[in-house]
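J.: Hey, dropping entry-v1.pdb in here, PDB, C-alpha atoms and all ligand atoms:
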MODEL        1
ATOM      1  CA  MET X 914     175.685 112.344  28.782  1.00  0.00           C
ATOM      2  CA  ALA X 915     177.210 111.135  32.022  1.00  0.00           C
ATOM      3  CA  LEU X 916     180.965 111.112  32.547  1.00  0.00           C
ATOM      4  CA  ARG X 917     182.218 107.566  32.886  1.00  0.00           C
ATOM      5  CA  ALA X 918     185.216 106.403  34.890  1.00  0.00           C
ATOM      6  CA  CYS X 919     186.542 102.948  35.776  1.00  0.00           C
ATOM      7  CA  GLY X 920     189.016 101.655  38.289  1.00  0.00           C
ATOM      8  CA  PHE X 921     189.956  99.013  40.833  1.00  0.00           C
ATOM      9  CA  LEU X 922     189.609  98.564  44.524  1.00  0.00           C
ATOM     10  CA  VAL X 923     193.123  97.181  44.790  1.00  0.00           C
ATOM     11  CA  PHE X 924     193.759  95.193  47.965  1.00  0.00           C
ATOM     12  CA  ARG X 925     196.642  93.241  49.413  1.00  0.00           C
ATOM     13  CA  ARG X 926     196.705  90.459  52.006  1.00  0.00           C
ATOM     14  CA  LEU X 927     199.364  90.682  54.655  1.00  0.00           C
ATOM     15  CA  ALA X 928     200.261  87.283  56.057  1.00  0.00           C
ATOM     16  CA  GLN X 929     200.166  87.127  59.861  1.00  0.00           C
ATOM     17  CA  PRO X 930     202.106  84.495  61.794  1.00  0.00           C
ATOM     18  CA  THR X 931     199.308  83.760  64.282  1.00  0.00           C
ATOM     19  CA  SER X 932     196.116  84.970  62.594  1.00  0.00           C
ATOM     20  CA  PRO X 933     194.525  85.041  59.151  1.00  0.00           C
ATOM     21  CA  GLY X 934     195.685  87.563  56.550  1.00  0.00           C
ATOM     22  CA  VAL X 935     194.891  91.237  57.044  1.00  0.00           C
ATOM     23  CA  ILE X 936     193.280  93.007  54.097  1.00  0.00           C
ATOM     24  CA  GLU X 937     194.433  96.503  53.130  1.00  0.00           C
ATOM     25  CA  TYR X 938     192.945  98.682  50.376  1.00  0.00           C
ATOM     26  CA  LEU X 939     194.915 101.107  48.231  1.00  0.00           C
ATOM     27  CA  LEU X 940     193.780 104.733  48.265  1.00  0.00           C
ATOM     28  CA  LEU X 941     195.442 107.637  46.455  1.00  0.00           C
ATOM     29  CA  GLN X 942     195.244 111.288  47.508  1.00  0.00           C
ATOM     30  CA  THR X 943     194.766 113.777  44.673  1.00  0.00           C
ATOM     31  CA  SER X 944     197.340 116.538  44.293  1.00  0.00           C
ATOM     32  CA  TYR X 945     194.588 118.943  43.129  1.00  0.00           C
ATOM     33  CA  GLY X 946     191.210 120.214  44.305  1.00  0.00           C
ATOM     34  CA  GLN X 947     190.138 119.067  47.772  1.00  0.00           C
ATOM     35  CA  HIS X 948     192.942 116.464  47.913  1.00  0.00           C
ATOM     36  CA  HIS X 949     190.341 113.738  48.257  1.00  0.00           C
ATOM     37  CA  TRP X 950     191.246 110.071  48.546  1.00  0.00           C
ATOM     38  CA  THR X 951     190.166 107.679  45.810  1.00  0.00           C
ATOM     39  CA  PRO X 952     190.973 104.234  44.506  1.00  0.00           C
ATOM     40  CA  PRO X 953     192.870 104.292  41.195  1.00  0.00           C
ATOM     41  CA  LYS X 954     190.385 105.154  38.471  1.00  0.00           C
ATOM     42  CA  GLY X 955     189.881 107.511  35.561  1.00  0.00           C
ATOM     43  CA  HIS X 956     187.854 108.545  32.595  1.00  0.00           C
ATOM     44  CA  VAL X 957     187.055 106.125  29.793  1.00  0.00           C
ATOM     45  CA  ASP X 958     188.729 107.183  26.535  1.00  0.00           C
ATOM     46  CA  PRO X 959     186.628 107.157  23.345  1.00  0.00           C
ATOM     47  CA  GLY X 960     186.290 103.591  22.042  1.00  0.00           C
ATOM     48  CA  GLU X 961     187.968 102.092  25.117  1.00  0.00           C
ATOM     49  CA  ASP X 962     186.261  99.278  27.030  1.00  0.00           C
ATOM     50  CA  ASP X 963     185.676  99.666  30.754  1.00  0.00           C
ATOM     51  CA  LEU X 964     188.075  97.032  32.034  1.00  0.00           C
ATOM     52  CA  THR X 965     190.851  98.351  29.775  1.00  0.00           C
ATOM     53  CA  THR X 966     190.292 101.810  31.275  1.00  0.00           C
ATOM     54  CA  ALA X 967     190.534 100.402  34.800  1.00  0.00           C
ATOM     55  CA  LEU X 968     193.819  98.649  33.950  1.00  0.00           C
ATOM     56  CA  ARG X 969     195.274 101.653  32.136  1.00  0.00           C
ATOM     57  CA  GLU X 970     194.408 104.099  34.906  1.00  0.00           C
ATOM     58  CA  THR X 971     195.762 101.791  37.618  1.00  0.00           C
ATOM     59  CA  GLN X 972     199.010 101.482  35.687  1.00  0.00           C
ATOM     60  CA  GLU X 973     199.224 105.250  35.160  1.00  0.00           C
ATOM     61  CA  GLU X 974     198.225 106.284  38.672  1.00  0.00           C
ATOM     62  CA  ALA X 975     199.782 103.566  40.833  1.00  0.00           C
ATOM     63  CA  GLY X 976     202.351 101.878  38.584  1.00  0.00           C
ATOM     64  CA  LEU X 977     200.500  98.563  38.968  1.00  0.00           C
ATOM     65  CA  GLY X 978     199.895  96.657  35.738  1.00  0.00           C
ATOM     66  CA  ALA X 979     197.810  93.620  34.808  1.00  0.00           C
ATOM     67  CA  GLU X 980     200.790  91.404  35.680  1.00  0.00           C
ATOM     68  CA  HIS X 981     200.647  92.653  39.290  1.00  0.00           C
ATOM     69  CA  LEU X 982     196.893  92.190  39.731  1.00  0.00           C
ATOM     70  CA  GLN X 983     194.465  89.309  40.092  1.00  0.00           C
ATOM     71  CA  VAL X 984     191.041  90.622  39.071  1.00  0.00           C
ATOM     72  CA  LEU X 985     188.306  88.880  41.080  1.00  0.00           C
ATOM     73  CA  ASP X 986     185.228  87.396  39.454  1.00  0.00           C
ATOM     74  CA  GLY X 987     181.798  88.288  40.767  1.00  0.00           C
ATOM     75  CA  PHE X 988     182.424  91.805  42.071  1.00  0.00           C
ATOM     76  CA  LEU X 989     181.542  94.991  40.232  1.00  0.00           C
ATOM     77  CA  GLN X 990     180.149  98.104  41.914  1.00  0.00           C
ATOM     78  CA  GLU X 991     178.735 101.113  40.155  1.00  0.00           C
ATOM     79  CA  LEU X 992     178.648 104.574  41.768  1.00  0.00           C
ATOM     80  CA  HIS X 993     176.633 107.519  40.493  1.00  0.00           C
ATOM     81  CA  TYR X 994     177.389 111.053  41.650  1.00  0.00           C
ATOM     82  CA  THR X 995     177.480 114.577  40.288  1.00  0.00           C
ATOM     83  CA  VAL X 996     180.685 116.495  39.491  1.00  0.00           C
ATOM     84  CA  LYS X 997     180.324 120.198  38.742  1.00  0.00           C
ATOM     85  CA  GLY X 998     176.671 119.687  37.823  1.00  0.00           C
ATOM     86  CA  ARG X 999     177.331 116.740  35.547  1.00  0.00           C
ATOM     87  CA  PRO X1000     176.367 113.154  36.358  1.00  0.00           C
ATOM     88  CA  LYS X1001     179.259 110.729  36.647  1.00  0.00           C
ATOM     89  CA  ASP X1002     179.197 106.909  36.612  1.00  0.00           C
ATOM     90  CA  VAL X1003     182.126 105.121  38.224  1.00  0.00           C
ATOM     91  CA  LEU X1004     182.705 101.367  37.982  1.00  0.00           C
ATOM     92  CA  TYR X1005     184.998  99.533  40.384  1.00  0.00           C
ATOM     93  CA  TRP X1006     186.261  95.996  40.067  1.00  0.00           C
ATOM     94  CA  LEU X1007     188.126  94.266  42.870  1.00  0.00           C
ATOM     95  CA  ALA X1008     191.745  93.235  42.290  1.00  0.00           C
ATOM     96  CA  GLU X1009     194.296  91.609  44.567  1.00  0.00           C
ATOM     97  CA  LEU X1010     197.915  92.682  44.439  1.00  0.00           C
ATOM     98  CA  ARG X1011     199.637  89.365  43.676  1.00  0.00           C
ATOM     99  CA  ASP X1012     202.814  90.250  45.569  1.00  0.00           C
ATOM    100  CA  PRO X1013     201.915  92.405  48.590  1.00  0.00           C
ATOM    101  CA  LYS X1014     205.426  93.869  48.595  1.00  0.00           C
ATOM    102  CA  THR X1015     205.052  95.433  45.123  1.00  0.00           C
ATOM    103  CA  GLU X1016     205.836  99.137  45.305  1.00  0.00           C
ATOM    104  CA  VAL X1017     203.258 101.759  44.333  1.00  0.00           C
ATOM    105  CA  THR X1018     204.524 104.485  41.986  1.00  0.00           C
ATOM    106  CA  LEU X1019     202.420 107.642  41.888  1.00  0.00           C
ATOM    107  CA  SER X1020     201.922 110.008  38.956  1.00  0.00           C
ATOM    108  CA  ALA X1021     201.699 113.806  39.277  1.00  0.00           C
ATOM    109  CA  GLU X1022     197.901 113.459  39.732  1.00  0.00           C
ATOM    110  CA  HIS X1023     198.380 112.174  43.302  1.00  0.00           C
ATOM    111  CA  GLN X1024     200.502 113.346  46.190  1.00  0.00           C
ATOM    112  CA  ASP X1025     200.198 110.437  48.595  1.00  0.00           C
ATOM    113  CA  TYR X1026     198.909 106.902  48.943  1.00  0.00           C
ATOM    114  CA  ARG X1027     197.881 104.660  51.770  1.00  0.00           C
ATOM    115  CA  TRP X1028     197.341 100.946  52.253  1.00  0.00           C
ATOM    116  CA  ALA X1029     194.460 101.028  54.731  1.00  0.00           C
ATOM    117  CA  ARG X1030     192.352  98.490  56.550  1.00  0.00           C
ATOM    118  CA  LEU X1031     188.602  98.773  56.031  1.00  0.00           C
ATOM    119  CA  GLU X1032     187.806 101.274  58.786  1.00  0.00           C
ATOM    120  CA  GLU X1033     190.726 103.574  57.969  1.00  0.00           C
ATOM    121  CA  ALA X1034     189.900 103.298  54.264  1.00  0.00           C
ATOM    122  CA  CYS X1035     186.284 104.305  54.972  1.00  0.00           C
ATOM    123  CA  SER X1036     187.452 107.232  57.046  1.00  0.00           C
ATOM    124  CA  LEU X1037     189.775 108.427  54.258  1.00  0.00           C
ATOM    125  CA  ALA X1038     187.134 107.818  51.589  1.00  0.00           C
ATOM    126  CA  GLN X1039     184.694 110.396  53.039  1.00  0.00           C
ATOM    127  CA  TYR X1040     181.924 109.652  50.536  1.00  0.00           C
ATOM    128  CA  LYS X1041     179.173 107.334  51.726  1.00  0.00           C
ATOM    129  CA  ASP X1042     178.864 105.626  48.331  1.00  0.00           C
ATOM    130  CA  LEU X1043     182.591 104.836  48.287  1.00  0.00           C
ATOM    131  CA  GLN X1044     182.468 103.677  51.906  1.00  0.00           C
ATOM    132  CA  ASP X1045     179.554 101.360  51.046  1.00  0.00           C
ATOM    133  CA  THR X1046     181.559 100.038  48.093  1.00  0.00           C
ATOM    134  CA  LEU X1047     184.568  99.288  50.301  1.00  0.00           C
ATOM    135  CA  ARG X1048     182.326  97.516  52.805  1.00  0.00           C
ATOM    136  CA  ALA X1049     180.748  95.486  49.995  1.00  0.00           C
ATOM    137  CA  ALA X1050     184.250  94.477  48.879  1.00  0.00           C
ATOM    138  CA  GLN X1051     185.131  93.352  52.393  1.00  0.00           C
ATOM    139  CA  ARG X1052     181.910  91.297  52.616  1.00  0.00           C
ATOM    140  CA  HIS X1053     182.739  89.712  49.267  1.00  0.00           C
ATOM    141  CA  LEU X1054     186.242  88.790  50.465  1.00  0.00           C
ATOM    142  CA  ASP X1055     184.946  87.526  53.818  1.00  0.00           C
ATOM    143  CA  SER X1056     182.376  85.289  52.130  1.00  0.00           C
ATOM    144  CA  GLN X1057     185.030  83.917  49.760  1.00  0.00           C
ATOM    145  CA  GLN X1058     187.286  83.232  52.695  1.00  0.00           C
ATOM    146  CA  GLU X1059     184.488  81.436  54.549  1.00  0.00           C
ATOM    147  CA  LYS X1060     183.935  79.228  51.506  1.00  0.00           C
ATOM    148  CA  ASN X1061     187.642  78.419  51.556  1.00  0.00           C
ATOM    149  CA  GLY X1062     187.443  77.615  55.261  1.00  0.00           C
ATOM    150  CA  GLN X1063     189.721  80.402  56.446  1.00  0.00           C
ATOM    151  CA  GLY X1064     188.923  83.535  58.464  1.00  0.00           C
ATOM    152  CA  LEU X1065     189.803  87.124  57.663  1.00  0.00           C
ATOM    153  CA  SER X1066     190.331  89.987  60.038  1.00  0.00           C
TER     154      SER X1066
HETATM  155  N1  LIG X1101     193.580 121.394  38.840  1.00  0.00           N
HETATM  156  C1  LIG X1101     192.540 120.564  38.949  1.00  0.00           C
HETATM  157  N2  LIG X1101     192.512 119.482  38.145  1.00  0.00           N
HETATM  158  C2  LIG X1101     191.472 118.634  38.248  1.00  0.00           C
HETATM  159  C3  LIG X1101     190.432 118.847  39.178  1.00  0.00           C
HETATM  160  N3  LIG X1101     189.536 117.835  39.067  1.00  0.00           N
HETATM  161  C4  LIG X1101     190.014 117.039  38.095  1.00  0.00           C
HETATM  162  N4  LIG X1101     191.193 117.509  37.589  1.00  0.00           N
HETATM  163  C5  LIG X1101     191.972 116.898  36.523  1.00  0.00           C
HETATM  164  O1  LIG X1101     191.404 115.664  36.200  1.00  0.00           O
HETATM  165  C6  LIG X1101     192.421 114.693  36.081  1.00  0.00           C
HETATM  166  C7  LIG X1101     191.861 113.365  36.589  1.00  0.00           C
HETATM  167  O2  LIG X1101     191.394 112.723  35.479  1.00  0.00           O
HETATM  168  P1  LIG X1101     191.130 111.162  35.514  1.00  0.00           P
HETATM  169  O3  LIG X1101     192.158 110.494  36.354  1.00  0.00           O
HETATM  170  O4  LIG X1101     190.952 110.686  34.116  1.00  0.00           O
HETATM  171  O5  LIG X1101     189.697 111.155  36.220  1.00  0.00           O
HETATM  172  P2  LIG X1101     189.166 110.762  37.680  1.00  0.00           P
HETATM  173  O6  LIG X1101     189.951 109.730  38.352  1.00  0.00           O
HETATM  174  O7  LIG X1101     187.732 110.436  37.458  1.00  0.00           O
HETATM  175  O8  LIG X1101     189.460 112.021  38.580  1.00  0.00           O
HETATM  176  P3  LIG X1101     188.678 113.272  39.006  1.00  0.00           P
HETATM  177  O9  LIG X1101     189.451 113.909  40.082  1.00  0.00           O
HETATM  178  O10 LIG X1101     188.343 114.085  37.791  1.00  0.00           O
HETATM  179  O11 LIG X1101     187.321 112.717  39.556  1.00  0.00           O
HETATM  180  P4  LIG X1101     186.755 112.270  40.983  1.00  0.00           P
HETATM  181  O12 LIG X1101     187.748 111.532  41.803  1.00  0.00           O
HETATM  182  O13 LIG X1101     185.472 111.572  40.684  1.00  0.00           O
HETATM  183  O14 LIG X1101     186.520 113.639  41.745  1.00  0.00           O
HETATM  184  C8  LIG X1101     185.664 114.641  41.267  1.00  0.00           C
HETATM  185  C9  LIG X1101     184.832 115.170  42.428  1.00  0.00           C
HETATM  186  O15 LIG X1101     183.853 114.167  42.764  1.00  0.00           O
HETATM  187  C10 LIG X1101     183.786 113.967  44.159  1.00  0.00           C
HETATM  188  N5  LIG X1101     184.072 112.571  44.440  1.00  0.00           N
HETATM  189  C11 LIG X1101     185.243 111.916  44.243  1.00  0.00           C
HETATM  190  N6  LIG X1101     185.113 110.611  44.550  1.00  0.00           N
HETATM  191  C12 LIG X1101     183.830 110.434  44.943  1.00  0.00           C
HETATM  192  C13 LIG X1101     183.108 109.281  45.375  1.00  0.00           C
HETATM  193  O16 LIG X1101     183.608 108.142  45.447  1.00  0.00           O
HETATM  194  N7  LIG X1101     181.807 109.475  45.684  1.00  0.00           N
HETATM  195  C14 LIG X1101     181.205 110.705  45.603  1.00  0.00           C
HETATM  196  N8  LIG X1101     179.924 110.802  45.934  1.00  0.00           N
HETATM  197  N9  LIG X1101     181.885 111.804  45.203  1.00  0.00           N
HETATM  198  C15 LIG X1101     183.170 111.668  44.881  1.00  0.00           C
HETATM  199  C16 LIG X1101     184.706 114.974  44.790  1.00  0.00           C
HETATM  200  O17 LIG X1101     183.951 116.074  45.187  1.00  0.00           O
HETATM  201  C17 LIG X1101     185.648 115.389  43.709  1.00  0.00           C
HETATM  202  O18 LIG X1101     186.025 116.705  43.828  1.00  0.00           O
HETATM  203  C18 LIG X1101     193.566 115.198  36.911  1.00  0.00           C
HETATM  204  O19 LIG X1101     194.794 114.880  36.348  1.00  0.00           O
HETATM  205  C19 LIG X1101     193.390 116.681  36.869  1.00  0.00           C
HETATM  206  O20 LIG X1101     194.137 117.161  35.806  1.00  0.00           O
HETATM  207  C20 LIG X1101     190.495 119.998  40.018  1.00  0.00           C
HETATM  208  O21 LIG X1101     189.629 120.239  40.868  1.00  0.00           O
HETATM  209  N10 LIG X1101     191.562 120.814  39.857  1.00  0.00           N
ENDMDL
END
Any chance you could put this one into structure tokens?

T.:
Amino acid sequence: MALRACGFLVFRRLAQPTSPGVIEYLLLQTSYGQHHWTPPKGHVDPGEDDLTTALRETQEEAGLGAEHLQVLDGFLQELHYTVKGRPKDVLYWLAELRDPKTEVTLSAEHQDYRWARLEEACSLAQYKDLQDTLRAAQRHLDSQQEKNGQGLS
């Protein structure tokens, strides 16, 4: 059976005095293995539902709880890759940090974090499937912004 993990592409909007808000995505760098960068996510516990896992892992790994996050409707991406010969399914929702100044608090699983604009986030992410997911998130946010009559950078 495939491993299953769930998490959030957490983003924040930084208000700009002369231009529309800049979007930054939260990535965490693991303190083990290849020190890869990943959005907050983790394995689904037995009997746990996917969204609860995403919230729990984001609280544990970044110190951001449901009260800090606005989960967006209409965005859910599923990644499928292999870890040590075993298939793994990873689900990401998109969530906005309500107050962009909220501090991130790491656990021992991660050694660093970065708020990164799309291109930097894609460069940190390394994996094409995660890069595609970040780009899909940006398209989703851009299209929402267009509907609301505002531009995004
Ligand atoms: N000491 C040590 N301990 C480890 C290690 N490994 C785990 N632990 C322990 O596990 C706990 C974490 O448990 P949770 O938080 O519940 O789970 P996750 O959040 O799911 O975390 P993981 O790290 O298990 O899973 P991934 O991020 O998926 O990385 C697995 C591999 O997949 C590749 N990979 C990663 N992302 C992508 C992607 O987007 N796209 C593609 N295509 N590939 C990707 C990459 O090659 C990577 O090496 C830690 O506390 C450690 O105790 C390790 O190597 N050494």

J.: Determine the residue membership of the PyMOL selection byres (((not hetatm)) within 7 of (chain X and resi 1101)) for the file above and supply it as an MDAnalysis selection string.

T.: chainID X and resid 918 945:947 949 951 953:956 970 994:996 1022 1040:1043

J.: Produce the centre coordinates and the three edge lengths, each in Å to one decimal, of the box along x, y and z that contains all listed atoms of stretch 1014-1021 of chain X with 5 Å added on each side, as AutoDock Vina command-line options.

T.:
--center_x 203.8 --center_y 103.8 --center_z 43.8 --size_x 14.1 --size_y 29.9 --size_z 19.6

J.: Restricting the calculation to all atoms listed in the file, which member of X:Ile936, X:Ala1034, X:Val923, X:Ala928 is positioned closest to X:Ala979?

T.: X:Val923

J.: When you look at stretch 1004-1019 of chain X with a cut-off of 6 Å (counting only C-alpha atoms), what residues show up, excluding the ones that are within fewer than 3 positions of it in the same chain? I need them as a list in words.

T.: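 Here the qualifying residues turn out to be Cys919, Gly920, Phe921, Leu922, Val923, Phe924, Arg925, Glu974, Ala975, Gly976, His981, Leu982, Gln983, Val984, Leu985, Leu989, Gln990 and Glu991 of chain X.
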
J.: Go through X:Gln1044, X:Trp1028, X:Met914, X:Thr966 and flag the residue nearest X:Arg926, using only C-alpha atoms for the distances.

T.: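 Among the listed residues, X:Trp1028 lies closest to X:Arg926.
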
J.: Work out how far atom CA of X:Glu937 is from atom CA of X:Glu1033, in Å to one decimal.

T.: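 Rounded to one decimal, the two atoms are 9.3 Å apart.
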